[in-house]
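S.K.: My structure is below; once you've seen it, I'll send some questions.
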Amino acid sequence: MSLRLLKKTLLRLGFCVAIGILLLYAVFPFYYAVLTSLKPSSALFQVSYWLDKPDFSNYTAVLQQASFLQAIGNSVFVAICVVALALFLSLTAAYALGRVKFRGRGTVLLLVLGVSMFPQVAVLSGLFEVIRALGLYNSAWALILSYTIFTLPFTVWVLTTFIGQLPGELEEAAIMDGASPWVALTRVLLPLLWPALVTTGLLAFIAAWNEFLFALTFTLTDQERTVPVAIALISGGSQHELPWGLLMAASVIVTVPLVLLVLVFQRRIVSGLTTGALKG
Amino acid sequence: MTTSISRAQPFYDEPLPIKETPVQRRRIRAAWLFLTPMLLCLLLVAGWPLLRTFWFSLTDTSLSDAGAGAFIGLSNYLAIDGDGWSGILVDPLWWQAVRNTLHFTAVSVSLEICIGLAVALLLNVRFTGRALVRAMILIPWAIPTIVSAKIWAWMLNDQFGIINHLMLGLGLIDAPLAWTADASLSMWAVIMVDVWKTVPFVALLMLAALQMLPGDCYEAARVDGVHPLKVFWRVTLPLLMPALLVAAIFRILDSLRVFDVIYVLTSNSSSTMSMSIYARQQLVEFQDVGYGSAASTLLFLIVAVIAVLYLYLGRRQMEVR
């Protein structure tokens with residue numbers, strides 16, 4: 001009996017250790033970035049695991065850079081516009097795909113899935129030409145337009161799944177009463193879809209906020225850059241003396257909003273990620 | 001909820017009702033109207049640019065005078081003249097990029113699947129604070145790739161990095177390692193960062209799949225006193241296979257187009273250059289749109305073959321069931 005108890009205790013202990021290692025693995029790099037960002041430059045090159053006195057000079061320095069603030073503003077603007085555009089386009093599309101049975105529905109879904117799979121670099125030169133032709137090169141609109149290539153497929157996919165799961169009776173009643181599909185969508189289904197819209201909107205926001213390849217290629221000047229590009233381009237006197245404290249402060253500033261979003265909306269994000277993948 | 005899940009069906013078209021009432025016809029017309037903006041947008045940002053990329057790959061267009069390129073056939077891919085063979089298909093750097101990408105994909109996806117599965121099994125156990133732990137492991141996923149690459153670049157710094165410090169302290173190495181500069185280590189550094197960032201996604205996918213598994217098999221196995229490891233191999237793993245394959249294919253397609261991590265961590269070093277990095281370098285830095293487009297086209301073809309194979313197999317599997 002006591003042997004069994006011992007075994008059980010050991011098992012539980014092992015489990016706690018495993019969870020501890022997992023948490024350490026997941027959180028430590030970010031913790032270390034915060035730690036580094038709060039060090040004065042004199043202490044930067046001594047490795048330590050704890051901090052006695054936080055020093056905010058890196059943060060004041062990075063927030064005094066006009067180009068960094070501009071980049072944050074650009075990122076917020078781009079991400080919000082991408083979310084609005086993707087949600088509008090995919091809401092109507094998802095209504096059609098999730099509610100109406102018509103010939104070609106499967107092809108459209110397959111097409112959307114196909115777009116989500118192909119490598120962004122494959123459209124780089126063609127998209128560059130489109131953007132120049134539209135006169136959007138080096139502007140936020142170039143990014144807003146190009147980001148629909150990776151946000152639309154999954155917002156359409158996830159919203160289609162969500163709409164397909166809603167009970168059909170409500171909307172059928174409205175249609176029978178002579179409501180147009182547009183009215184049925186906006187008046188009857190939309191109020192039920194808010195949770196799904198929040199989920200997909202969040203995922204689209206994070207994807208747009210983090211995008212790098214298009215932002216690097218389609219913008220040229222500090223005035224139009226987004227945060228990932230601004231951070232990637234922070235440099236010191238040479239390749240070997242990057243201003244690490246400053247870099248970590250900038251990294252923490254752009255990451256904290258995302259981490260908060262994730263912690264608050266954890267359940268929604270997980271459900272959105274898994275419906276996108278598993279039901280497909 | 002349970003009855004309505006069957007409504008969300010995948011790709012194939014169901015046979016249509018033969019009689020179409022006016023109401024139905026109106027609905028179908030409205031459906032296409034509703035789809036038009038989305039389809040137009042995808043045509044503008046995906047369909048048309050893709051076709052243009054194919055076209056550019058057959059020309060000698062350069063970035064500075066787009067539109068002025070002349071048709072040169074397949075010369076960007078392979079050509080022969082007085083000096084011998086030329087073109088991408090004989091460029092050793094391209095083949096190095098292909099090898100790097102495949103190496104990166106194979107190693108990081110296998111690691112992600114194994115670690116992700118382990119994490120999912122761990123989080124499938126009920127314990128207090130599970131929701132919090134689940135939220136915490138999402139943090140690496142939410143951090144922008146650029147930022148996580150920079151954080152790891154700092155942790156892997158050869159002189160002041162905490163990883164070298166830790167390994168020296170533990171006696172694992174006796175001299176600091178140049179993680180991102182040393183050609184034999186840099187690919188491992190890239191893989192390390194990518195695995196760290198994407199394990200949460202795989203783990204949560206696996207966890208969701210685990211929680212959908214029927215409980216009665218486990219009940220039966222427990223009553224019969226089957227060893228837990230045997231239950232895992234004989235019950236859990238086979239039932240989890242479809243979700244595992246979905247996660248693997250998502251990750252494989254994602255890894256084949258890898259760009260950000262490598263760009264930030266090791267920039268254009270040839271020992272980690274991926275196909276995307278190679279294509280963009282030709283396109284933007286060397287201004288050679290024709291040649292860069294040819295590289296992009298090859299990458300697209302590789303990804304397309306894998307995607308089509310996957311869709312085909314997935315459909316076959318569905319028909320079998």
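We label chains A, B, ... in the order they appear in the structure tokens, count residues from 1 in each chain, and number ligands from 1 in the order shown.
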Got a sec to tell me which of range 146-222 of chain B DSSP assigns to helix (DSSP H, G or I), as a PyMOL selection string?

M.R.: chain B and resi 146-155+162-169+183-212+216-222

S.K.: Please identify all polymer residues within 9 Å of range 69-73 of chain B, counting only C-alpha atoms, omitting same-chain residues fewer than 2 positions from it, and present them as a PyMOL selection string.

M.R.: chain B and resi 55-62+65-67+75-77+290

S.K.: Using only C-alpha atoms, determine which residues lie at most 9 Å from range 225-231 of chain A, disregarding the query and same-chain residues fewer than 5 positions distant; provide the list as JSON, numbers by chain.

M.R.: {"A": [67, 68, 69, 70, 71, 72, 73, 74, 75, 76, 78, 138, 139, 140, 209, 210, 211, 212, 213, 215, 216, 219, 220, 247, 250, 251, 254], "B": [144, 145, 146, 147, 150]}

S.K.: Give me, as a ChimeraX atom specification, all polymer residues having an atom no more than 12 Å from Val305 in chain B, counting only C-alpha atoms and skipping those fewer than 6 positions away in the same chain.

M.R.: /A:114,117-118 /B:253,298-299,311-312

S.K.: Please produce a file of those selected residues containing N, CA, C and O atoms, as a PDB file, in the first residue's frame.

M.R.:
```pdb
ATOM      1  N   GLY A 114      -6.727  27.011 -50.878  1.00  0.00           N
ATOM      2  CA  GLY A 114      -5.509  27.022 -51.683  1.00  0.00           C
ATOM      3  C   GLY A 114      -4.712  28.301 -51.479  1.00  0.00           C
ATOM      4  O   GLY A 114      -3.494  28.267 -51.314  1.00  0.00           O
ATOM      5  N   MET A 117      -2.608  28.451 -48.485  1.00  0.00           N
ATOM      6  CA  MET A 117      -1.454  27.568 -48.446  1.00  0.00           C
ATOM      7  C   MET A 117      -0.252  28.103 -49.201  1.00  0.00           C
ATOM      8  O   MET A 117       0.862  27.715 -48.926  1.00  0.00           O
ATOM      9  N   PHE A 118      -0.467  28.974 -50.186  1.00  0.00           N
ATOM     10  CA  PHE A 118       0.700  29.213 -51.016  1.00  0.00           C
ATOM     11  C   PHE A 118       1.639  30.278 -50.456  1.00  0.00           C
ATOM     12  O   PHE A 118       1.239  31.141 -49.699  1.00  0.00           O
TER      13      PHE A 118
ATOM     14  N   LEU B 253       3.710  23.241 -44.769  1.00  0.00           N
ATOM     15  CA  LEU B 253       3.515  24.306 -45.757  1.00  0.00           C
ATOM     16  C   LEU B 253       4.054  25.630 -45.235  1.00  0.00           C
ATOM     17  O   LEU B 253       4.603  26.429 -45.977  1.00  0.00           O
ATOM     18  N   LEU B 298       9.302  28.297 -58.739  1.00  0.00           N
ATOM     19  CA  LEU B 298       9.722  26.944 -58.345  1.00  0.00           C
ATOM     20  C   LEU B 298       9.228  26.625 -56.927  1.00  0.00           C
ATOM     21  O   LEU B 298       8.710  25.534 -56.673  1.00  0.00           O
ATOM     22  N   LEU B 299       9.374  27.602 -56.014  1.00  0.00           N
ATOM     23  CA  LEU B 299       8.899  27.384 -54.644  1.00  0.00           C
ATOM     24  C   LEU B 299       7.392  27.133 -54.648  1.00  0.00           C
ATOM     25  O   LEU B 299       6.894  26.218 -53.981  1.00  0.00           O
ATOM     26  N   LEU B 311      -4.566  17.393 -50.302  1.00  0.00           N
ATOM     27  CA  LEU B 311      -6.011  17.490 -50.523  1.00  0.00           C
ATOM     28  C   LEU B 311      -6.542  16.204 -51.138  1.00  0.00           C
ATOM     29  O   LEU B 311      -7.590  15.698 -50.768  1.00  0.00           O
ATOM     30  N   TYR B 312      -5.756  15.643 -52.068  1.00  0.00           N
ATOM     31  CA  TYR B 312      -6.167  14.421 -52.734  1.00  0.00           C
ATOM     32  C   TYR B 312      -6.260  13.273 -51.726  1.00  0.00           C
ATOM     33  O   TYR B 312      -7.260  12.562 -51.659  1.00  0.00           O
TER      34      TYR B 312
END
```

S.K.: For the atom pair CA of Pro181 in chain A and CA of Leu40 in chain B, what is the interatomic distance in Å to one decimal place?

M.R.: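 Distance between the two atoms: 20.3 Å.
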
S.K.: Nearest to Thr36 in chain A: which of A:Leu3, A:Leu159, A:Leu51, A:Val183 is it, counting only C-alpha atoms?

M.R.: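 That would be A:Leu51, the residue with the smallest distance to Thr36 in chain A.
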
S.K.: Compile the contact shell of range 182-191 of chain B as JSON, numbers by chain: residues with an atom at most 6 Å away, counting only C-alpha atoms, same-chain residues fewer than 2 positions apart removed.

M.R.: {"B": [108, 178, 179, 180, 193, 194, 195, 271, 272]}

S.K.: Any chance you could export the current selection's C-alpha atoms as an mmCIF file, in the first residue's frame?

M.R.:
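The result, stored in part-v5.cif:
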```
data_model
loop_
_atom_site.group_PDB
_atom_site.id
_atom_site.type_symbol
_atom_site.label_atom_id
_atom_site.label_comp_id
_atom_site.auth_asym_id
_atom_site.auth_seq_id
_atom_site.Cartn_x
_atom_site.Cartn_y
_atom_site.Cartn_z
ATOM 1 C CA SER B 108 11.533 21.583 -37.038
ATOM 2 C CA ALA B 178 28.896 31.439 -31.958
ATOM 3 C CA TRP B 179 25.330 30.223 -32.457
ATOM 4 C CA THR B 180 24.236 32.520 -35.257
ATOM 5 C CA VAL B 193 13.551 29.655 -32.384
ATOM 6 C CA ASP B 194 10.966 28.285 -34.793
ATOM 7 C CA VAL B 195 10.177 25.319 -32.556
ATOM 8 C CA SER B 271 24.275 28.188 -44.536
ATOM 9 C CA THR B 272 20.689 29.007 -43.519
#
```

S.K.: Would you compute the distance between CA of Gly14 in chain A and CA of Leu117 in chain B? Give it in Å to one decimal.

M.R.: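 That distance, rounded to one decimal, is 17.6 Å.
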
S.K.: Could you list, as a ChimeraX atom specification, every residue within 8 Å of Trp50 in chain A, counting only C-alpha atoms and ignoring same-chain residues fewer than 2 positions away?

M.R.: /A:35,48,52

S.K.: Using only C-alpha atoms for the distances, tell me which of B:Thr53, B:Thr101, B:Thr21, B:Thr128 is nearest to chain A.

M.R.: B:Thr53

S.K.: Residues within 12 Å of Met192 in chain B, please, as a ChimeraX atom specification. Count only C-alpha atoms; anything in the same chain fewer than 5 positions from it doesn't count.

M.R.: /A:25 /B:104,107-109,111-112,148-149,152-153,155-156,179-180,185-187,197-199,261-262,265

S.K.: Can I get the selection written as a PDB file, in the first residue's frame, with N, CA and C atoms?

M.R.:
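The resulting file, again_12.pdb, is shown below:
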```pdb
ATOM      1  N   TYR A  25      10.070  27.131 -20.140  1.00  0.00           N
ATOM      2  CA  TYR A  25      10.408  27.122 -21.560  1.00  0.00           C
ATOM      3  C   TYR A  25       9.579  28.160 -22.315  1.00  0.00           C
TER       4      TYR A  25
ATOM      5  N   PHE B 104      15.441  22.317 -42.692  1.00  0.00           N
ATOM      6  CA  PHE B 104      14.712  23.091 -41.679  1.00  0.00           C
ATOM      7  C   PHE B 104      13.313  22.510 -41.469  1.00  0.00           C
ATOM      8  N   VAL B 107      13.335  18.837 -39.798  1.00  0.00           N
ATOM      9  CA  VAL B 107      13.709  18.800 -38.383  1.00  0.00           C
ATOM     10  C   VAL B 107      12.717  19.565 -37.531  1.00  0.00           C
ATOM     11  N   SER B 108      12.371  20.793 -37.945  1.00  0.00           N
ATOM     12  CA  SER B 108      11.533  21.583 -37.038  1.00  0.00           C
ATOM     13  C   SER B 108      10.114  21.023 -36.969  1.00  0.00           C
ATOM     14  N   VAL B 109       9.572  20.535 -38.074  1.00  0.00           N
ATOM     15  CA  VAL B 109       8.209  20.002 -37.986  1.00  0.00           C
ATOM     16  C   VAL B 109       8.181  18.735 -37.132  1.00  0.00           C
ATOM     17  N   LEU B 111      10.188  17.965 -34.670  1.00  0.00           N
ATOM     18  CA  LEU B 111      10.334  18.369 -33.268  1.00  0.00           C
ATOM     19  C   LEU B 111       9.036  18.973 -32.742  1.00  0.00           C
ATOM     20  N   GLU B 112       8.415  19.832 -33.575  1.00  0.00           N
ATOM     21  CA  GLU B 112       7.195  20.505 -33.126  1.00  0.00           C
ATOM     22  C   GLU B 112       6.076  19.513 -32.852  1.00  0.00           C
ATOM     23  N   SER B 148      10.608  37.634 -31.573  1.00  0.00           N
ATOM     24  CA  SER B 148      11.159  36.432 -30.944  1.00  0.00           C
ATOM     25  C   SER B 148      12.534  36.110 -31.520  1.00  0.00           C
ATOM     26  N   ALA B 149      12.720  36.388 -32.798  1.00  0.00           N
ATOM     27  CA  ALA B 149      14.048  36.153 -33.371  1.00  0.00           C
ATOM     28  C   ALA B 149      15.084  37.066 -32.716  1.00  0.00           C
ATOM     29  N   TRP B 152      15.800  35.835 -29.126  1.00  0.00           N
ATOM     30  CA  TRP B 152      16.691  34.668 -29.148  1.00  0.00           C
ATOM     31  C   TRP B 152      18.082  35.042 -29.631  1.00  0.00           C
ATOM     32  N   ALA B 153      18.167  35.986 -30.556  1.00  0.00           N
ATOM     33  CA  ALA B 153      19.490  36.421 -31.004  1.00  0.00           C
ATOM     34  C   ALA B 153      20.281  36.968 -29.819  1.00  0.00           C
ATOM     35  N   MET B 155      19.699  36.130 -26.601  1.00  0.00           N
ATOM     36  CA  MET B 155      19.987  35.030 -25.677  1.00  0.00           C
ATOM     37  C   MET B 155      21.113  34.142 -26.204  1.00  0.00           C
ATOM     38  N   LEU B 156      21.222  34.079 -27.545  1.00  0.00           N
ATOM     39  CA  LEU B 156      22.239  33.228 -28.157  1.00  0.00           C
ATOM     40  C   LEU B 156      23.516  33.996 -28.479  1.00  0.00           C
ATOM     41  N   TRP B 179      26.539  30.885 -31.957  1.00  0.00           N
ATOM     42  CA  TRP B 179      25.330  30.223 -32.457  1.00  0.00           C
ATOM     43  C   TRP B 179      24.904  30.704 -33.833  1.00  0.00           C
ATOM     44  N   THR B 180      24.818  32.033 -34.002  1.00  0.00           N
ATOM     45  CA  THR B 180      24.236  32.520 -35.257  1.00  0.00           C
ATOM     46  C   THR B 180      25.284  32.719 -36.350  1.00  0.00           C
ATOM     47  N   LEU B 185      26.202  25.640 -36.681  1.00  0.00           N
ATOM     48  CA  LEU B 185      25.252  25.804 -35.589  1.00  0.00           C
ATOM     49  C   LEU B 185      24.046  26.648 -35.971  1.00  0.00           C
ATOM     50  N   SER B 186      24.223  27.534 -36.978  1.00  0.00           N
ATOM     51  CA  SER B 186      23.193  28.545 -37.211  1.00  0.00           C
ATOM     52  C   SER B 186      21.849  27.922 -37.578  1.00  0.00           C
ATOM     53  N   MET B 187      21.862  26.810 -38.329  1.00  0.00           N
ATOM     54  CA  MET B 187      20.589  26.186 -38.670  1.00  0.00           C
ATOM     55  C   MET B 187      19.890  25.680 -37.411  1.00  0.00           C
ATOM     56  N   LYS B 197       8.524  28.994 -31.078  1.00  0.00           N
ATOM     57  CA  LYS B 197       7.385  29.826 -31.433  1.00  0.00           C
ATOM     58  C   LYS B 197       6.142  29.019 -31.810  1.00  0.00           C
ATOM     59  N   THR B 198       6.341  27.848 -32.438  1.00  0.00           N
ATOM     60  CA  THR B 198       5.168  27.175 -32.999  1.00  0.00           C
ATOM     61  C   THR B 198       4.677  25.975 -32.205  1.00  0.00           C
ATOM     62  N   VAL B 199       5.445  25.535 -31.209  1.00  0.00           N
ATOM     63  CA  VAL B 199       4.946  24.436 -30.374  1.00  0.00           C
ATOM     64  C   VAL B 199       3.564  24.750 -29.773  1.00  0.00           C
ATOM     65  N   VAL B 261      12.195  34.516 -39.549  1.00  0.00           N
ATOM     66  CA  VAL B 261      13.163  34.065 -38.538  1.00  0.00           C
ATOM     67  C   VAL B 261      14.571  34.095 -39.092  1.00  0.00           C
ATOM     68  N   ILE B 262      14.709  33.536 -40.291  1.00  0.00           N
ATOM     69  CA  ILE B 262      16.039  33.410 -40.864  1.00  0.00           C
ATOM     70  C   ILE B 262      16.583  34.781 -41.240  1.00  0.00           C
ATOM     71  N   LEU B 265      17.641  36.411 -37.879  1.00  0.00           N
ATOM     72  CA  LEU B 265      18.642  35.718 -37.076  1.00  0.00           C
ATOM     73  C   LEU B 265      19.988  35.616 -37.794  1.00  0.00           C
TER      74      LEU B 265
END
```
